[in-house]
Amino acid sequence: VRRRVLLVPVVGLLLSACGGGTAEVSSSEPVAAEDGAVTITGTDRLRWDPEQVTAEAGELEIELVCQDAVNHNLVIDGEERAVCRPGGSETATVSLDAGEHEFVCTVPGHQRTMRGTITVE
Ligand SMILES: [Cu+2]
């Protein structure tokens with residue numbers, strides 16, 4: 001019994017060290033928009049995936065995806081751009097100036113953890 005109890009934290013450490021676990025979708029690695037488009041997923045754990053996006057100045061097509069069980073919205077620089085229902089998605093096209101733009105989900109209780117940054121170059 002003792003052995004089993006001790007194994008759990010070790011496995012957790014190994015998974016996070018590898019960073020490849022499919023269940024843990026949150027990542028701090030910046031994701032670059034490709035061909036002016038990027039997908040941002042609101043996870044059921046109330047995190048963004050990815051949390052950091054880089055894009056070139058101009059129009060950016062953002063697909064907001066709600067993972068499975070929770071609804072989210074996408075608010076960039078204080079302006080709501082898209083909403084999604086659980087398991088659904090919505091696409092918004094935004095035009096962003098060079099600089100850093102904060103994106104959050106303002107569904108009650110989500111904003112504390114659902115914060116990301118779009119860096120426009
Ligand atoms: Cu949310």
# chains A, B, ... in the order shown; residues from 1 in each chain; ligands from 1

call {"tool": "residues_near_ligand", "arguments": {"ligand": "ligand 1", "cutoff": "12 Å", "atoms": "only C-alpha atoms and all ligand atoms", "output": "PyMOL selection string"}}
result
chain A and resi 40-49+64-75+82-86+103-116

call {"tool": "closest_residue", "arguments": {"among": "A:Ile76, A:Leu96, A:Ala37, A:Ala32", "to": "A:Val53", "atoms": "only C-alpha atoms"}}
result
A:Ala32

call {"tool": "decode", "arguments": {"residues": "stretch 68-81 of chain A", "atoms": "all heavy atoms", "output": "PDB file, in the first residue's frame"}}
result
ATOM      1  N   ASP A  68     -14.561  20.860 -24.193  1.00  0.00           N
ATOM      2  CA  ASP A  68     -15.587  19.822 -24.052  1.00  0.00           C
ATOM      3  C   ASP A  68     -16.802  20.252 -23.248  1.00  0.00           C
ATOM      4  O   ASP A  68     -17.929  20.166 -23.716  1.00  0.00           O
ATOM      5  CB  ASP A  68     -14.997  18.570 -23.383  1.00  0.00           C
ATOM      6  CG  ASP A  68     -14.510  17.541 -24.380  1.00  0.00           C
ATOM      7  OD1 ASP A  68     -15.098  17.460 -25.471  1.00  0.00           O
ATOM      8  OD2 ASP A  68     -13.544  16.837 -24.073  1.00  0.00           O
ATOM      9  N   ALA A  69     -16.534  20.685 -22.018  1.00  0.00           N
ATOM     10  CA  ALA A  69     -17.631  20.777 -21.064  1.00  0.00           C
ATOM     11  C   ALA A  69     -17.929  22.196 -20.567  1.00  0.00           C
ATOM     12  O   ALA A  69     -18.864  22.390 -19.797  1.00  0.00           O
ATOM     13  CB  ALA A  69     -17.337  19.871 -19.857  1.00  0.00           C
ATOM     14  N   VAL A  70     -17.146  23.154 -21.000  1.00  0.00           N
ATOM     15  CA  VAL A  70     -17.280  24.505 -20.452  1.00  0.00           C
ATOM     16  C   VAL A  70     -17.374  25.517 -21.594  1.00  0.00           C
ATOM     17  O   VAL A  70     -16.736  25.351 -22.624  1.00  0.00           O
ATOM     18  CB  VAL A  70     -16.057  24.847 -19.556  1.00  0.00           C
ATOM     19  CG1 VAL A  70     -16.251  26.177 -18.860  1.00  0.00           C
ATOM     20  CG2 VAL A  70     -15.803  23.735 -18.543  1.00  0.00           C
ATOM     21  N   ASN A  71     -18.195  26.545 -21.398  1.00  0.00           N
ATOM     22  CA  ASN A  71     -18.231  27.617 -22.398  1.00  0.00           C
ATOM     23  C   ASN A  71     -17.210  28.694 -22.052  1.00  0.00           C
ATOM     24  O   ASN A  71     -16.862  28.885 -20.890  1.00  0.00           O
ATOM     25  CB  ASN A  71     -19.637  28.218 -22.487  1.00  0.00           C
ATOM     26  CG  ASN A  71     -20.058  28.874 -21.198  1.00  0.00           C
ATOM     27  OD1 ASN A  71     -20.106  28.217 -20.168  1.00  0.00           O
ATOM     28  ND2 ASN A  71     -20.342  30.154 -21.237  1.00  0.00           N
ATOM     29  N   HIS A  72     -16.725  29.364 -23.084  1.00  0.00           N
ATOM     30  CA  HIS A  72     -15.723  30.414 -22.892  1.00  0.00           C
ATOM     31  C   HIS A  72     -16.023  31.565 -23.843  1.00  0.00           C
ATOM     32  O   HIS A  72     -16.786  31.418 -24.796  1.00  0.00           O
ATOM     33  CB  HIS A  72     -14.312  29.898 -23.202  1.00  0.00           C
ATOM     34  CG  HIS A  72     -13.870  28.747 -22.353  1.00  0.00           C
ATOM     35  ND1 HIS A  72     -13.512  28.883 -21.035  1.00  0.00           N
ATOM     36  CD2 HIS A  72     -13.734  27.428 -22.643  1.00  0.00           C
ATOM     37  CE1 HIS A  72     -13.161  27.695 -20.554  1.00  0.00           C
ATOM     38  NE2 HIS A  72     -13.297  26.795 -21.502  1.00  0.00           N
ATOM     39  N   ASN A  73     -15.393  32.695 -23.575  1.00  0.00           N
ATOM     40  CA  ASN A  73     -15.402  33.772 -24.558  1.00  0.00           C
ATOM     41  C   ASN A  73     -13.986  34.288 -24.719  1.00  0.00           C
ATOM     42  O   ASN A  73     -13.100  34.005 -23.910  1.00  0.00           O
ATOM     43  CB  ASN A  73     -16.388  34.884 -24.191  1.00  0.00           C
ATOM     44  CG  ASN A  73     -16.004  35.630 -22.935  1.00  0.00           C
ATOM     45  OD1 ASN A  73     -14.934  35.429 -22.366  1.00  0.00           O
ATOM     46  ND2 ASN A  73     -16.877  36.499 -22.484  1.00  0.00           N
ATOM     47  N   LEU A  74     -13.780  35.008 -25.795  1.00  0.00           N
ATOM     48  CA  LEU A  74     -12.447  35.532 -26.098  1.00  0.00           C
ATOM     49  C   LEU A  74     -12.529  37.049 -26.110  1.00  0.00           C
ATOM     50  O   LEU A  74     -13.180  37.638 -26.981  1.00  0.00           O
ATOM     51  CB  LEU A  74     -11.975  35.011 -27.462  1.00  0.00           C
ATOM     52  CG  LEU A  74     -10.601  35.510 -27.925  1.00  0.00           C
ATOM     53  CD1 LEU A  74      -9.488  34.963 -27.046  1.00  0.00           C
ATOM     54  CD2 LEU A  74     -10.368  35.117 -29.383  1.00  0.00           C
ATOM     55  N   VAL A  75     -11.881  37.651 -25.120  1.00  0.00           N
ATOM     56  CA  VAL A  75     -11.882  39.103 -24.996  1.00  0.00           C
ATOM     57  C   VAL A  75     -10.446  39.580 -25.194  1.00  0.00           C
ATOM     58  O   VAL A  75      -9.552  39.202 -24.438  1.00  0.00           O
ATOM     59  CB  VAL A  75     -12.418  39.541 -23.619  1.00  0.00           C
ATOM     60  CG1 VAL A  75     -12.310  41.047 -23.451  1.00  0.00           C
ATOM     61  CG2 VAL A  75     -13.859  39.081 -23.440  1.00  0.00           C
ATOM     62  N   ILE A  76     -10.249  40.364 -26.250  1.00  0.00           N
ATOM     63  CA  ILE A  76      -8.909  40.872 -26.555  1.00  0.00           C
ATOM     64  C   ILE A  76      -8.887  42.368 -26.287  1.00  0.00           C
ATOM     65  O   ILE A  76      -9.716  43.110 -26.831  1.00  0.00           O
ATOM     66  CB  ILE A  76      -8.524  40.604 -28.026  1.00  0.00           C
ATOM     67  CG1 ILE A  76      -8.616  39.106 -28.334  1.00  0.00           C
ATOM     68  CG2 ILE A  76      -7.110  41.121 -28.313  1.00  0.00           C
ATOM     69  CD1 ILE A  76      -8.388  38.772 -29.801  1.00  0.00           C
ATOM     70  N   ASP A  77      -7.956  42.792 -25.447  1.00  0.00           N
ATOM     71  CA  ASP A  77      -7.845  44.211 -25.086  1.00  0.00           C
ATOM     72  C   ASP A  77      -9.195  44.769 -24.638  1.00  0.00           C
ATOM     73  O   ASP A  77      -9.573  45.892 -24.972  1.00  0.00           O
ATOM     74  CB  ASP A  77      -7.302  45.023 -26.269  1.00  0.00           C
ATOM     75  CG  ASP A  77      -5.887  44.611 -26.646  1.00  0.00           C
ATOM     76  OD1 ASP A  77      -5.193  44.025 -25.804  1.00  0.00           O
ATOM     77  OD2 ASP A  77      -5.484  44.885 -27.790  1.00  0.00           O
ATOM     78  N   GLY A  78      -9.949  43.975 -23.906  1.00  0.00           N
ATOM     79  CA  GLY A  78     -11.212  44.441 -23.344  1.00  0.00           C
ATOM     80  C   GLY A  78     -12.408  44.345 -24.275  1.00  0.00           C
ATOM     81  O   GLY A  78     -13.512  44.728 -23.909  1.00  0.00           O
ATOM     82  N   GLU A  79     -12.210  43.833 -25.479  1.00  0.00           N
ATOM     83  CA  GLU A  79     -13.315  43.745 -26.433  1.00  0.00           C
ATOM     84  C   GLU A  79     -13.635  42.290 -26.745  1.00  0.00           C
ATOM     85  O   GLU A  79     -12.751  41.527 -27.146  1.00  0.00           O
ATOM     86  CB  GLU A  79     -12.934  44.476 -27.724  1.00  0.00           C
ATOM     87  CG  GLU A  79     -14.104  44.701 -28.652  1.00  0.00           C
ATOM     88  CD  GLU A  79     -13.697  45.575 -29.849  1.00  0.00           C
ATOM     89  OE1 GLU A  79     -12.770  46.393 -29.711  1.00  0.00           O
ATOM     90  OE2 GLU A  79     -14.320  45.411 -30.914  1.00  0.00           O
ATOM     91  N   GLU A  80     -14.907  41.912 -26.576  1.00  0.00           N
ATOM     92  CA  GLU A  80     -15.277  40.526 -26.845  1.00  0.00           C
ATOM     93  C   GLU A  80     -15.284  40.257 -28.339  1.00  0.00           C
ATOM     94  O   GLU A  80     -15.910  40.978 -29.113  1.00  0.00           O
ATOM     95  CB  GLU A  80     -16.663  40.219 -26.260  1.00  0.00           C
ATOM     96  CG  GLU A  80     -17.039  38.744 -26.425  1.00  0.00           C
ATOM     97  CD  GLU A  80     -18.391  38.420 -25.800  1.00  0.00           C
ATOM     98  OE1 GLU A  80     -19.412  38.559 -26.505  1.00  0.00           O
ATOM     99  OE2 GLU A  80     -18.417  38.038 -24.628  1.00  0.00           O
ATOM    100  N   ARG A  81     -14.578  39.195 -28.748  1.00  0.00           N
ATOM    101  CA  ARG A  81     -14.433  38.876 -30.167  1.00  0.00           C
ATOM    102  C   ARG A  81     -15.166  37.614 -30.561  1.00  0.00           C
ATOM    103  O   ARG A  81     -15.542  37.456 -31.731  1.00  0.00           O
ATOM    104  CB  ARG A  81     -12.945  38.706 -30.500  1.00  0.00           C
ATOM    105  CG  ARG A  81     -12.096  39.894 -30.155  1.00  0.00           C
ATOM    106  CD  ARG A  81     -12.471  41.097 -30.978  1.00  0.00           C
ATOM    107  NE  ARG A  81     -11.480  42.151 -30.858  1.00  0.00           N
ATOM    108  CZ  ARG A  81     -11.261  43.060 -31.794  1.00  0.00           C
ATOM    109  NH1 ARG A  81     -11.970  43.050 -32.896  1.00  0.00           N
ATOM    110  NH2 ARG A  81     -10.346  43.994 -31.605  1.00  0.00           N
TER     111      ARG A  81
END
